[in-house]
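As provided, input_26.txt (compact mmCIF, C-alpha atoms and all ligand atoms) reads as follows.
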```
# COMPACT_ATOMS: atom_id res chain seq x y z
CA MET A 19 21.89 80.48 112.48
CA ASN A 20 21.78 83.46 110.16
CA ASP A 21 18.58 84.37 108.40
CA PHE A 22 18.14 82.93 104.91
CA ARG A 23 17.34 86.08 102.95
CA ILE A 24 15.32 85.70 99.79
CA ALA A 25 13.95 87.98 97.09
CA LEU A 26 10.63 87.15 95.46
CA LEU A 27 10.68 88.06 91.77
CA GLY A 28 7.03 88.30 90.80
CA LEU A 29 3.90 88.67 92.88
CA GLY A 30 1.33 87.14 90.55
CA THR A 31 -0.78 84.08 91.37
CA VAL A 32 2.18 81.91 92.39
CA GLY A 33 4.24 84.68 94.03
CA THR A 34 1.29 85.74 96.17
CA ALA A 35 0.62 82.13 97.18
CA VAL A 36 4.31 81.68 98.11
CA ALA A 37 4.20 84.83 100.29
CA GLU A 38 1.04 83.57 102.01
CA LEU A 39 2.45 80.11 102.58
CA LEU A 40 5.72 81.48 104.04
CA ALA A 41 3.66 83.67 106.37
CA THR A 42 1.18 81.02 107.52
CA THR A 43 3.80 78.29 107.99
CA ARG A 44 6.64 80.38 109.41
CA ASP A 45 7.08 78.11 112.45
CA GLU A 46 7.19 74.96 110.32
CA CYS A 47 9.57 76.69 107.91
CA LEU A 48 11.87 77.66 110.79
CA ALA A 49 11.82 74.09 112.09
CA ARG A 50 12.52 72.54 108.69
CA ALA A 51 15.07 75.08 107.46
CA GLU A 52 16.74 75.29 110.88
CA ARG A 53 17.06 79.05 110.32
CA PRO A 54 14.56 81.85 109.72
CA VAL A 55 13.55 82.35 106.09
CA VAL A 56 13.00 86.05 105.49
CA VAL A 57 11.71 87.88 102.44
CA ASP A 58 13.85 90.99 102.21
CA ARG A 59 12.93 92.04 98.67
CA ILE A 60 9.84 91.76 96.52
CA ILE A 61 10.03 92.69 92.86
CA VAL A 62 6.83 93.62 91.04
CA ARG A 63 6.33 94.94 87.53
CA ASN A 64 3.95 97.74 88.48
CA LEU A 65 4.56 99.54 91.78
CA ASP A 66 1.28 101.44 91.50
CA ARG A 67 -0.90 98.35 91.69
CA PRO A 68 -2.26 97.63 95.17
CA ARG A 69 -0.63 94.49 96.68
CA SER A 70 -1.73 92.31 99.54
CA ILE A 71 1.53 91.31 101.17
CA PRO A 72 0.87 89.39 104.39
CA GLU A 73 1.82 91.47 107.44
CA ASP A 74 3.26 88.48 109.25
CA LEU A 75 5.51 87.54 106.33
CA PRO A 76 8.97 87.67 107.93
CA GLY A 77 11.56 90.03 106.39
CA LYS A 78 12.05 93.60 105.24
CA LYS A 79 9.77 93.17 102.20
CA VAL A 80 11.31 96.09 100.29
CA LEU A 81 9.25 96.59 97.13
CA SER A 82 10.88 97.61 93.87
CA SER A 83 10.37 97.06 90.16
CA ASP A 84 13.86 96.20 88.89
CA PRO A 85 14.86 92.51 89.31
CA MET A 86 18.51 93.59 89.18
CA ASP A 87 17.99 95.28 92.59
CA ALA A 88 17.67 91.76 94.00
CA VAL A 89 20.10 90.00 91.68
CA HIS A 90 22.95 92.33 92.69
CA ASP A 91 22.02 92.83 96.35
CA PRO A 92 24.90 91.24 98.34
CA GLU A 93 22.59 90.72 101.32
CA ILE A 94 20.29 88.38 99.38
CA ASP A 95 21.04 84.64 99.57
CA ALA A 96 18.56 83.38 96.98
CA ILE A 97 16.24 84.71 94.34
CA VAL A 98 12.89 83.06 93.78
CA GLU A 99 11.99 83.65 90.13
CA LEU A 100 8.23 83.44 89.58
CA VAL A 101 7.82 85.80 86.64
CA GLY A 102 7.89 83.34 83.73
CA GLY A 103 9.05 83.92 80.18
CA GLU A 104 12.44 83.17 78.69
CA ASP A 105 14.82 85.96 77.89
CA HIS A 106 14.67 88.16 80.98
CA PRO A 107 14.59 85.26 83.47
CA ARG A 108 17.62 83.77 81.70
CA ILE A 109 19.61 86.93 82.47
CA TRP A 110 18.35 87.21 86.07
CA ILE A 111 19.08 83.55 86.84
CA LYS A 112 22.50 83.67 85.15
CA GLU A 113 23.59 86.84 86.95
CA ALA A 114 22.20 85.68 90.30
CA LEU A 115 24.15 82.40 90.07
CA GLU A 116 27.27 84.26 88.93
CA SER A 117 26.98 86.59 91.91
CA GLY A 118 26.90 83.62 94.26
CA LYS A 119 23.18 83.26 94.92
CA ASN A 120 21.00 80.21 94.88
CA VAL A 121 18.05 80.30 92.52
CA ILE A 122 14.62 78.78 92.95
CA THR A 123 12.31 78.87 89.97
CA ALA A 124 9.02 77.48 88.69
CA ASN A 125 9.93 78.49 85.14
CA LYS A 126 10.03 75.43 82.88
CA ALA A 127 10.41 77.40 79.64
CA VAL A 128 13.68 79.08 80.65
CA LEU A 129 15.18 75.80 81.88
CA ALA A 130 13.99 73.76 78.88
CA ILE A 131 15.46 76.31 76.47
CA HIS A 132 18.50 77.68 78.34
CA GLY A 133 19.08 74.86 80.84
CA GLU A 134 22.39 73.75 79.40
CA GLU A 135 23.88 77.19 80.02
CA LEU A 136 22.21 77.79 83.40
CA PHE A 137 22.90 74.38 84.94
CA ASN A 138 26.53 74.61 83.88
CA ILE A 139 26.85 78.02 85.57
CA ALA A 140 25.25 76.56 88.72
CA LEU A 141 27.81 73.72 88.65
CA GLU A 142 30.74 76.10 88.12
CA GLN A 143 29.55 78.42 90.88
CA LYS A 144 28.68 75.50 93.19
CA LYS A 145 25.25 77.05 93.72
CA GLY A 146 21.85 75.42 93.71
CA LEU A 147 19.32 75.83 90.91
CA TYR A 148 16.12 74.42 92.40
CA TYR A 149 13.16 73.82 90.10
CA GLU A 150 10.79 71.23 91.56
CA ALA A 151 7.79 73.51 91.01
CA SER A 152 8.44 73.74 87.28
CA VAL A 153 7.09 70.25 86.54
CA ALA A 154 3.68 69.04 87.73
CA ALA A 155 3.32 71.77 90.40
CA ALA A 156 2.46 69.94 93.63
CA VAL A 157 3.86 66.55 92.58
CA PRO A 158 7.50 66.15 93.71
CA VAL A 159 8.32 64.18 90.59
CA LEU A 160 11.83 65.59 90.07
CA GLN A 161 12.85 64.60 93.60
CA VAL A 162 11.40 61.14 93.03
CA ILE A 163 13.13 60.46 89.76
CA GLN A 164 16.43 61.94 90.94
CA GLN A 165 16.53 60.32 94.32
CA GLY A 166 13.58 58.16 95.11
CA ILE A 167 13.04 55.47 92.54
CA PRO A 168 14.59 52.03 92.80
CA ALA A 169 17.75 51.67 90.74
CA GLY A 170 17.62 50.98 87.05
CA PRO A 171 16.82 53.05 83.99
CA VAL A 172 13.24 54.15 83.42
CA ASP A 173 12.20 52.55 80.13
CA ARG A 174 9.07 54.55 79.62
CA LEU A 175 7.45 57.67 80.99
CA MET A 176 3.97 58.80 80.12
CA GLY A 177 2.66 61.94 81.71
CA ILE A 178 -0.27 64.30 81.88
CA LEU A 179 1.89 67.36 82.34
CA ASN A 180 -0.47 70.26 81.80
CA GLY A 181 -3.24 70.93 84.30
CA THR A 182 -4.95 73.52 82.12
CA CYS A 183 -5.31 71.14 79.17
CA ASN A 184 -6.53 68.33 81.40
CA TYR A 185 -9.13 70.69 82.87
CA ILE A 186 -10.18 71.84 79.37
CA LEU A 187 -10.49 68.24 78.12
CA ASP A 188 -12.67 67.43 81.14
CA SER A 189 -14.92 70.42 80.44
CA LEU A 190 -15.17 69.44 76.77
CA GLU A 191 -17.38 66.57 77.87
CA GLU A 192 -20.02 69.24 78.56
CA THR A 193 -19.28 72.31 76.49
CA SER A 194 -17.35 73.85 73.56
CA PHE A 195 -13.59 74.35 73.35
CA GLU A 196 -13.87 78.14 73.61
CA HIS A 197 -16.10 77.95 76.67
CA SER A 198 -13.82 75.33 78.26
CA VAL A 199 -10.87 77.72 77.88
CA GLU A 200 -12.93 80.47 79.54
CA LEU A 201 -13.77 78.13 82.43
CA ALA A 202 -10.06 77.31 82.85
CA GLN A 203 -9.30 81.03 82.91
CA LYS A 204 -12.00 81.65 85.53
CA ALA A 205 -10.57 78.81 87.63
CA GLY A 206 -7.22 80.66 87.68
CA LEU A 207 -5.50 78.01 85.54
CA ALA A 208 -5.24 79.31 81.98
CA GLU A 209 -3.47 82.56 81.14
CA ALA A 210 -5.29 85.33 79.24
CA ASP A 211 -3.38 83.97 76.23
CA PRO A 212 -3.57 80.18 76.67
CA THR A 213 -1.40 79.36 73.63
CA LEU A 214 1.56 77.90 75.53
CA ASP A 215 -0.72 75.42 77.30
CA VAL A 216 -3.14 74.43 74.51
CA SER A 217 -0.38 74.14 71.88
CA GLY A 218 1.29 71.39 73.95
CA MET A 219 4.46 73.50 74.31
CA ASP A 220 4.23 73.84 78.10
CA SER A 221 4.03 70.03 78.35
CA ALA A 222 6.99 69.75 75.97
CA HIS A 223 9.09 72.04 78.18
CA LYS A 224 8.27 69.84 81.18
CA LEU A 225 9.00 66.66 79.24
CA ALA A 226 12.39 68.09 78.26
CA LEU A 227 13.18 68.73 81.95
CA LEU A 228 12.16 65.19 82.90
CA ALA A 229 14.21 63.81 80.01
CA ARG A 230 17.28 65.73 81.10
CA ILE A 231 17.22 63.92 84.44
CA LEU A 232 16.19 60.54 83.04
CA LEU A 233 18.53 60.50 80.04
CA GLY A 234 21.32 62.83 81.17
CA TYR A 235 21.26 64.92 78.04
CA THR A 236 19.52 67.93 76.66
CA VAL A 237 16.65 67.48 74.26
CA SER A 238 15.43 70.48 72.33
CA VAL A 239 11.67 70.95 72.16
CA GLU A 240 12.22 71.92 68.55
CA ASP A 241 13.27 68.33 67.83
CA MET A 242 10.12 66.92 69.44
CA ARG A 243 6.75 66.18 67.90
CA VAL A 244 4.52 68.61 69.82
CA GLU A 245 0.78 68.57 69.20
CA GLY A 246 -1.82 70.34 71.31
CA ILE A 247 -5.56 70.17 71.82
CA VAL A 248 -6.76 72.99 69.56
CA GLY A 249 -9.46 71.75 67.19
CA ILE A 250 -10.68 68.96 69.47
CA ASP A 251 -14.45 68.98 69.77
CA PRO A 252 -16.92 67.47 72.25
CA ILE A 253 -17.93 64.94 69.58
CA ASP A 254 -14.40 63.52 69.59
CA LEU A 255 -14.67 62.88 73.32
CA SER A 256 -18.12 61.33 73.03
CA PHE A 257 -16.86 59.03 70.29
CA GLY A 258 -14.11 58.00 72.71
CA TRP A 259 -16.54 57.36 75.56
CA SER A 260 -18.68 55.15 73.34
CA HIS A 261 -15.55 53.10 72.52
CA ASP A 262 -14.23 52.98 76.12
CA LEU A 263 -11.49 55.47 75.33
CA ARG A 264 -10.52 58.65 77.23
CA LEU A 265 -8.81 61.60 75.59
CA LYS A 266 -5.71 63.00 77.33
CA LEU A 267 -2.82 65.24 76.32
CA VAL A 268 0.24 63.16 77.15
CA GLY A 269 3.99 63.51 77.01
CA VAL A 270 5.70 60.25 76.16
CA LEU A 271 9.32 59.18 76.51
CA ALA A 272 10.10 55.59 75.52
CA ARG A 273 13.41 53.82 75.07
CA ASN A 274 13.92 50.85 72.82
CA GLY A 275 16.90 49.19 71.14
CA LYS A 276 17.01 51.91 68.46
CA GLY A 277 16.96 54.98 70.70
CA THR A 278 14.53 57.16 72.61
CA SER A 279 11.31 58.52 71.21
CA MET A 280 9.76 61.59 72.78
CA GLY A 281 6.81 63.81 72.06
CA VAL A 282 3.60 65.45 73.27
CA MET A 283 0.32 64.48 71.65
CA PRO A 284 -3.37 64.09 72.41
CA CYS A 285 -4.03 60.36 72.82
CA PHE A 286 -7.02 58.15 73.37
CA LEU A 287 -6.28 55.85 76.31
CA PRO A 288 -8.24 52.73 77.21
CA ALA A 289 -10.72 53.48 80.03
CA ASP A 290 -8.75 51.26 82.43
CA HIS A 291 -5.38 52.90 81.68
CA PRO A 292 -3.72 54.38 84.82
CA LEU A 293 -3.91 57.90 83.33
CA SER A 294 -7.50 57.71 82.08
CA ASN A 295 -9.15 58.87 85.28
CA ILE A 296 -6.90 61.82 85.99
CA ARG A 297 -9.38 64.67 86.19
CA GLN A 298 -9.51 68.46 86.41
CA GLU A 299 -6.13 70.19 86.77
CA ASP A 300 -4.39 67.11 88.13
CA ASN A 301 -1.14 65.91 86.55
CA ALA A 302 0.09 62.33 86.67
CA ILE A 303 3.31 60.67 85.67
CA LEU A 304 3.45 56.95 84.92
CA LEU A 305 6.96 55.49 85.13
CA GLU A 306 7.88 52.02 83.93
CA ALA A 307 11.14 50.26 84.67
CA ASP A 308 12.28 46.71 85.14
CA PRO A 309 13.02 46.86 88.89
CA PHE A 310 9.63 48.20 89.96
CA GLY A 311 7.26 47.53 87.07
CA SER A 312 5.19 50.68 87.07
CA LEU A 313 4.33 53.50 89.42
CA VAL A 314 2.12 56.57 89.12
CA LEU A 315 2.62 59.93 90.80
CA GLN A 316 -0.46 62.15 90.82
CA GLY A 317 -1.48 65.54 92.20
CA LYS A 318 -2.47 69.08 91.34
CA GLY A 319 -0.49 70.27 88.33
CA ALA A 320 -1.45 73.93 88.17
CA GLY A 321 -2.67 76.81 90.28
CA GLY A 322 -1.11 79.16 92.83
CA LYS A 323 -1.25 77.10 96.02
CA PRO A 324 -0.10 73.72 94.61
CA THR A 325 2.83 75.41 92.85
CA ALA A 326 3.67 77.46 95.94
CA GLY A 327 3.98 74.25 98.00
CA SER A 328 6.81 73.01 95.79
CA VAL A 329 8.46 76.45 95.62
CA VAL A 330 8.52 76.69 99.41
CA ALA A 331 9.89 73.13 99.67
CA ASP A 332 12.75 74.25 97.38
CA ILE A 333 13.32 77.41 99.44
CA LEU A 334 13.67 75.26 102.57
CA ARG A 335 16.05 72.85 100.80
CA ALA A 336 18.17 75.81 99.72
CA ALA A 337 18.09 77.31 103.24
CA ARG A 338 19.28 74.01 104.73
CA GLY A 339 21.98 73.75 102.09
CA ASP A 340 20.56 70.54 100.64
CA THR A 341 21.59 70.15 97.07
CA PHE A 342 19.07 69.76 94.30
CA ALA A 343 21.11 67.46 92.13
CA THR A 344 22.02 69.54 89.10
CA PRO A 345 21.56 67.31 86.10
CA PHE A 346 24.71 66.34 84.35
CA VAL A 347 24.21 68.26 81.15
CA GLU A 348 25.66 66.81 78.00
CA LYS A 349 25.24 68.25 74.56
CA ARG A 350 22.06 67.66 72.64
CA GLN A 351 21.27 64.28 71.19
CA ASP A 352 18.82 63.17 68.58
CA ILE A 353 15.53 61.64 69.51
CA LEU A 354 13.09 59.50 67.57
CA ASP A 355 9.59 60.54 66.52
CA PRO A 356 6.82 58.64 68.33
CA GLY A 357 4.70 59.40 65.27
CA ALA A 358 6.74 56.82 63.37
CA ILE A 359 5.34 53.99 65.49
CA PRO A 360 2.30 52.25 63.95
CA MET A 361 -0.78 52.59 66.15
CA ARG A 362 -4.51 52.69 65.64
CA HIS A 363 -5.77 56.23 65.06
CA TYR A 364 -9.07 58.01 65.42
CA LEU A 365 -9.83 60.36 62.56
CA ARG A 366 -12.59 62.96 62.17
CA LEU A 367 -13.27 64.68 58.89
CA ASP A 368 -16.04 67.25 58.48
CA VAL A 369 -17.19 66.64 54.93
CA PRO A 370 -20.08 67.71 52.65
CA ASP A 371 -22.98 65.27 52.78
CA ARG A 372 -22.89 64.48 49.06
CA PRO A 373 -22.75 61.27 47.02
CA GLY A 374 -19.23 59.96 46.47
CA VAL A 375 -17.56 61.85 49.33
CA LEU A 376 -16.88 58.76 51.43
CA ALA A 377 -15.36 57.04 48.40
CA ARG A 378 -12.99 60.01 47.92
CA VAL A 379 -11.97 59.87 51.61
CA ALA A 380 -11.47 56.10 51.44
CA GLY A 381 -9.46 56.51 48.23
CA ALA A 382 -7.06 59.02 49.82
CA LEU A 383 -6.55 56.73 52.82
CA ALA A 384 -6.10 53.65 50.64
CA SER A 385 -3.47 55.42 48.53
CA GLU A 386 -1.15 55.35 51.56
CA GLU A 387 -2.25 51.88 52.71
CA VAL A 388 -4.29 53.27 55.63
CA GLY A 389 -6.88 50.64 56.50
CA ILE A 390 -10.30 51.58 57.89
CA ALA A 391 -11.32 49.41 60.87
CA ALA A 392 -14.60 51.22 61.65
CA LEU A 393 -16.47 54.23 60.31
CA GLU A 394 -19.42 56.24 61.66
CA GLN A 395 -21.47 59.03 60.16
CA SER A 396 -24.70 60.31 61.71
CA GLU A 397 -27.56 61.54 59.59
CA ASN A 398 -27.38 65.28 58.95
CA LEU A 399 -30.48 66.79 60.61
CA SER A 400 -29.39 70.42 60.16
CA THR A 401 -31.24 72.59 57.66
CA GLU A 402 -28.43 75.19 57.68
CA SER A 403 -25.33 73.18 56.84
CA ASN A 404 -24.64 70.13 54.75
CA ILE A 405 -21.33 69.41 56.54
CA VAL A 406 -21.28 66.19 58.56
CA PRO A 407 -18.58 64.64 60.73
CA VAL A 408 -17.21 61.28 59.56
CA GLN A 409 -15.43 59.44 62.37
CA ILE A 410 -13.02 56.67 61.50
CA LEU A 411 -10.92 54.16 63.41
CA THR A 412 -7.91 53.06 61.41
CA HIS A 413 -5.91 49.88 61.56
CA PRO A 414 -2.39 50.41 62.97
CA VAL A 415 -0.52 53.00 60.93
CA SER A 416 2.15 55.57 61.76
CA THR A 417 0.99 59.15 62.24
CA ILE A 418 3.49 60.11 59.54
CA GLN A 419 1.85 57.79 57.03
CA LEU A 420 -1.65 58.89 58.03
CA ASP A 421 -0.66 62.53 57.49
CA LYS A 422 0.61 61.64 54.02
CA ALA A 423 -2.77 60.08 53.26
CA LEU A 424 -4.58 63.19 54.50
CA GLU A 425 -2.42 65.25 52.16
CA ARG A 426 -3.92 63.16 49.32
CA LEU A 427 -7.46 64.41 50.03
CA ASP A 428 -8.67 66.37 47.03
CA GLU A 429 -8.69 70.17 47.14
CA ASP A 430 -12.46 70.32 47.54
CA LEU A 431 -12.33 68.19 50.72
CA LYS A 432 -9.29 70.05 52.04
CA ARG A 433 -11.37 73.25 51.85
CA THR A 434 -14.14 71.89 54.09
CA THR A 435 -12.21 69.86 56.61
CA SER A 436 -9.37 70.32 59.07
CA PRO A 437 -8.91 66.67 59.97
CA VAL A 438 -8.56 65.78 63.63
CA ARG A 439 -6.48 62.68 64.17
CA ILE A 440 -5.65 61.15 67.51
CA ARG A 441 -3.43 58.17 68.33
CA ILE A 442 -4.91 55.34 70.32
CA GLU A 443 -2.68 53.86 73.02
CA GLU A 444 -3.27 50.17 73.52
N1 LIG A 501 0.10 76.27 82.88
C1 LIG A 501 0.58 75.10 83.53
C2 LIG A 501 -0.47 74.02 83.55
C3 LIG A 501 0.94 75.34 84.96
O1 LIG A 501 -1.63 74.31 83.32
O2 LIG A 501 -0.12 72.88 83.81
C4 LIG A 501 2.30 75.92 85.08
O3 LIG A 501 3.22 75.01 84.55
```
So that I can check it, write out the structure of this file as structure tokens.
Ligand code: HSE
Amino acid sequence: MNDFRIALLGLGTVGTAVAELLATTRDECLARAERPVVVDRIIVRNLDRPRSIPEDLPGKKVLSSDPMDAVHDPEIDAIVELVGGEDHPRIWIKEALESGKNVITANKAVLAIHGEELFNIALEQKKGLYYEASVAAAVPVLQVIQQGIPAGPVDRLMGILNGTCNYILDSLEETSFEHSVELAQKAGLAEADPTLDVSGMDSAHKLALLARILLGYTVSVEDMRVEGIVGIDPIDLSFGWSHDLRLKLVGVLARNGKGTSMGVMPCFLPADHPLSNIRQEDNAILLEADPFGSLVLQGKGAGGKPTAGSVVADILRAARGDTFATPFVEKRQDILDPGAIPMRHYLRLDVPDRPGVLARVAGALASEEVGIAALEQSENLSTESNIVPVQILTHPVSTIQLDKALERLDEDLKRTTSPVRIRIEE
């Protein structure tokens, strides 16, 4: 059979790992693709930077800096977009599909935001848009939910979808937030600017891609409640441990008679919850449906090699001509806010250690009918600051209502505290 000629767009952590994997597994790739996979073009931003391209990587390996060289090269069968970002990849993917190429990408942002347009072009052009690596890196969750799960709608999905945040939350058991971010950067997980991860937006992009397959329609991340992990402190985690709770950043999709609620939020999970012991940069997706009860898929959710494994699997699917079922994309539909569902919450307020402060906090909470189930405040042993953390467990209340109560704190308290509030999954 003819060679399957690909262009690698991007030679960063993932691109380099893809090149290495294609080189070290060339015999397996040949056997599985039933034709040689060759890398004829490699696009890098800066041609002056030294690159370590494996010598035994099959193909011409022509280096250039303009992605359009690959997108419009009639000899190229597929582009492998590993650059990231939104606007430029949207153009490259669109033009590559329109010029009759398959596209493999690990870019969840471009598909979450421009998926409607890009999947429809893929359908019109009868070309494949393969994106297994964009959700949960090494975990083939898209394949499983498209093709592998027993019939019947998934009623609920709960996922740890960001390896960097999971790694940071693990480190927070030992050290500060800032240092945990640095450790994630040193481990090759977090970007120099970690905002997309720690804001919860990367998880929201992935949840939107999962939802598109599970629900068959496009959900905009702008319509979702998206909360990240900024502001969480080691003392929040230790409070959790002492109450048999583990803190995780989770994406939730749940259907009930009224509709589908979706969002990304930090949550305390009971210690025996299936997602509680997911550690380091692992991701895990818990699916619940009537035919099978529940199942959990778990594996490395970030990093060059784990992502490269899924990218190469997609390259081989494309080379064999296997379709990657393009989701049937309908127009956007409304979703419900999971923050409207009453649940117990953990609340931390850093307040001045002065008479009457607790009464003012309790008054604000009571004004919105937020009931206090438990409250802890340690003695302030510092000689430098009179600010102390007050940690509260509420009775079930919606996040929306709790936020209204926090708005009722008086101006003096609002100046000293940025409340941290975390839902507790039962
Ligand atoms: N930054 C992502 C994560 C990996 O940490 O999960 C790429 O999606």
**OP:** Name the residues, by chain letter and number, that sit within 8 Å of ligand LIG 501 (chain A) using only C-alpha atoms and all ligand atoms, and give them as a ChimeraX atom specification.
**Re:** /A:124-126,152-155,179-184,207-209,214-215,220-221,224,299,301,319-321,325
Can those selected residues be exported to a file as a short mmCIF file (atom, residue, chain, number, x, y, z; two decimals), keeping the file's coordinate frame so that it contains C-alpha atoms?
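What landed in result.cif:
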```cif
data_model
loop_
_atom_site.label_atom_id
_atom_site.label_comp_id
_atom_site.auth_asym_id
_atom_site.auth_seq_id
_atom_site.Cartn_x
_atom_site.Cartn_y
_atom_site.Cartn_z
CA ALA A 124 9.02 77.48 88.69
CA ASN A 125 9.93 78.49 85.14
CA LYS A 126 10.03 75.43 82.88
CA SER A 152 8.44 73.74 87.28
CA VAL A 153 7.09 70.25 86.54
CA ALA A 154 3.68 69.04 87.73
CA ALA A 155 3.32 71.77 90.40
CA LEU A 179 1.89 67.36 82.34
CA ASN A 180 -0.47 70.26 81.80
CA GLY A 181 -3.24 70.93 84.30
CA THR A 182 -4.95 73.52 82.12
CA CYS A 183 -5.31 71.14 79.17
CA ASN A 184 -6.53 68.33 81.40
CA LEU A 207 -5.50 78.01 85.54
CA ALA A 208 -5.24 79.31 81.98
CA GLU A 209 -3.47 82.56 81.14
CA LEU A 214 1.56 77.90 75.53
CA ASP A 215 -0.72 75.42 77.30
CA ASP A 220 4.23 73.84 78.10
CA SER A 221 4.03 70.03 78.35
CA LYS A 224 8.27 69.84 81.18
CA GLU A 299 -6.13 70.19 86.77
CA ASN A 301 -1.14 65.91 86.55
CA GLY A 319 -0.49 70.27 88.33
CA ALA A 320 -1.45 73.93 88.17
CA GLY A 321 -2.67 76.81 90.28
CA THR A 325 2.83 75.41 92.85
#
```
Original post:
With all atoms listed in the file as the basis for distance, which of A:Val157, A:Val438, A:Val101, A:Ala222 is at the shortest distance from Ile303 in chain A?
Top reply: A:Val157
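Distances from A:Asn404, A:Gln409, A:Gln351, A:Thr193 to Leu376 in chain A were compared using all atoms listed in the file, and the smallest one belongs to A:Gln409.
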Contacts of Ser385 in chain A at 7 Å or less, counting all atoms listed in the file, minus same-chain residues fewer than 3 places along, as a PDB file with C-alpha atoms, in the frame of the given file?
```pdb
ATOM      1  CA  GLY A 381      -9.460  56.510  48.230  1.00  0.00           C
ATOM      2  CA  ALA A 382      -7.060  59.020  49.820  1.00  0.00           C
ATOM      3  CA  ALA A 423      -2.770  60.080  53.260  1.00  0.00           C
TER       4      ALA A 423
END
```
Subject >> Expected answer as a VMD selection string: all residues with atoms within 7 Å of (-11.7, 68.9, 75.6), all atoms listed in the file >> reply: chain A and resid 186 to 191 195 250 to 252
Where does range 68-144 of chain A meet range 326-330 of chain A within 9 Å, residue by residue, with the nearest atom pair and distance in Å to one decimal for each, counting only C-alpha atoms, listed by chain and rising number, as a tab-separated table?
```
residue	atom	partner	partner_atom	distance
A:Val98	CA	A:Val329	CA	8.2
A:Ile122	CA	A:Val329	CA	7.1
A:Thr123	CA	A:Val329	CA	7.3
A:Ala124	CA	A:Val329	CA	7.0
```
Padding 6 Å on every side, please: axis-aligned box over the listed atoms of range 148-161 of chain A, centre and edge lengths to one decimal in Å, as JSON.
```
{"center_x": 9.3, "center_y": 69.3, "center_z": 90.1, "size_x": 25.7, "size_y": 22.2, "size_z": 19.2}
```
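CA of Val248 in chain A sits 15.8 Å away from CA of Ala210 in chain A.
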Original post:
Residues at most 12 Å from Leu383 in chain A, counting all atoms listed in the file, excluding those fewer than 5 positions away in the same chain, as a ChimeraX atom specification?
Top reply: /A:365,376-378,388-391,410-413,415,419-428
**OP:** Tell me, in Å to one decimal, how far CA of Pro158 in chain A is from CA of Ile353 in chain A.
**Re:**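 So the answer is 25.9 Å.
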Subject >> Pairwise distance for CA of Thr341 in chain A and CA of Arg23 in chain A, rounded to one decimal in Å >> reply: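 Separating CA of Thr341 in chain A from CA of Arg23 in chain A is a distance of 17.5 Å.
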**OP:** Return the single residue from A:Ile442, A:Ala156, A:Leu399, A:Ala51 that is closest to Asp300 in chain A, with distances computed using all atoms listed in the file.
**Re:** A:Ala156
Reconstruct N, CA, C and O atoms of range 406-414 of chain A; output as an mmCIF file, in the coordinates of the input.
```
data_model
loop_
_atom_site.group_PDB
_atom_site.id
_atom_site.type_symbol
_atom_site.label_atom_id
_atom_site.label_comp_id
_atom_site.auth_asym_id
_atom_site.auth_seq_id
_atom_site.Cartn_x
_atom_site.Cartn_y
_atom_site.Cartn_z
ATOM 1 N N VAL A 406 -21.073 67.220 57.523
ATOM 2 C CA VAL A 406 -21.280 66.190 58.560
ATOM 3 C C VAL A 406 -19.923 65.613 58.996
ATOM 4 O O VAL A 406 -19.012 65.491 58.184
ATOM 5 N N PRO A 407 -19.824 65.255 60.279
ATOM 6 C CA PRO A 407 -18.580 64.640 60.730
ATOM 7 C C PRO A 407 -18.554 63.146 60.376
ATOM 8 O O PRO A 407 -19.538 62.441 60.599
ATOM 9 N N VAL A 408 -17.433 62.715 59.803
ATOM 10 C CA VAL A 408 -17.210 61.280 59.560
ATOM 11 C C VAL A 408 -16.113 60.866 60.525
ATOM 12 O O VAL A 408 -15.037 61.479 60.548
ATOM 13 N N GLN A 409 -16.398 59.879 61.349
ATOM 14 C CA GLN A 409 -15.430 59.440 62.370
ATOM 15 C C GLN A 409 -14.943 58.039 62.028
ATOM 16 O O GLN A 409 -15.750 57.132 61.784
ATOM 17 N N ILE A 410 -13.634 57.901 62.009
ATOM 18 C CA ILE A 410 -13.020 56.670 61.500
ATOM 19 C C ILE A 410 -12.032 56.133 62.524
ATOM 20 O O ILE A 410 -11.313 56.902 63.173
ATOM 21 N N LEU A 411 -12.019 54.809 62.687
ATOM 22 C CA LEU A 411 -10.920 54.160 63.410
ATOM 23 C C LEU A 411 -10.064 53.455 62.379
ATOM 24 O O LEU A 411 -10.598 52.682 61.560
ATOM 25 N N THR A 412 -8.767 53.708 62.399
ATOM 26 C CA THR A 412 -7.910 53.060 61.410
ATOM 27 C C THR A 412 -7.302 51.782 61.989
ATOM 28 O O THR A 412 -7.277 51.589 63.198
ATOM 29 N N HIS A 413 -6.796 50.963 61.123
ATOM 30 C CA HIS A 413 -5.910 49.880 61.560
ATOM 31 C C HIS A 413 -4.571 50.523 61.907
ATOM 32 O O HIS A 413 -4.324 51.687 61.564
ATOM 33 N N PRO A 414 -3.658 49.778 62.586
ATOM 34 C CA PRO A 414 -2.390 50.410 62.970
ATOM 35 C C PRO A 414 -1.650 51.016 61.788
ATOM 36 O O PRO A 414 -1.508 50.395 60.736
#
```
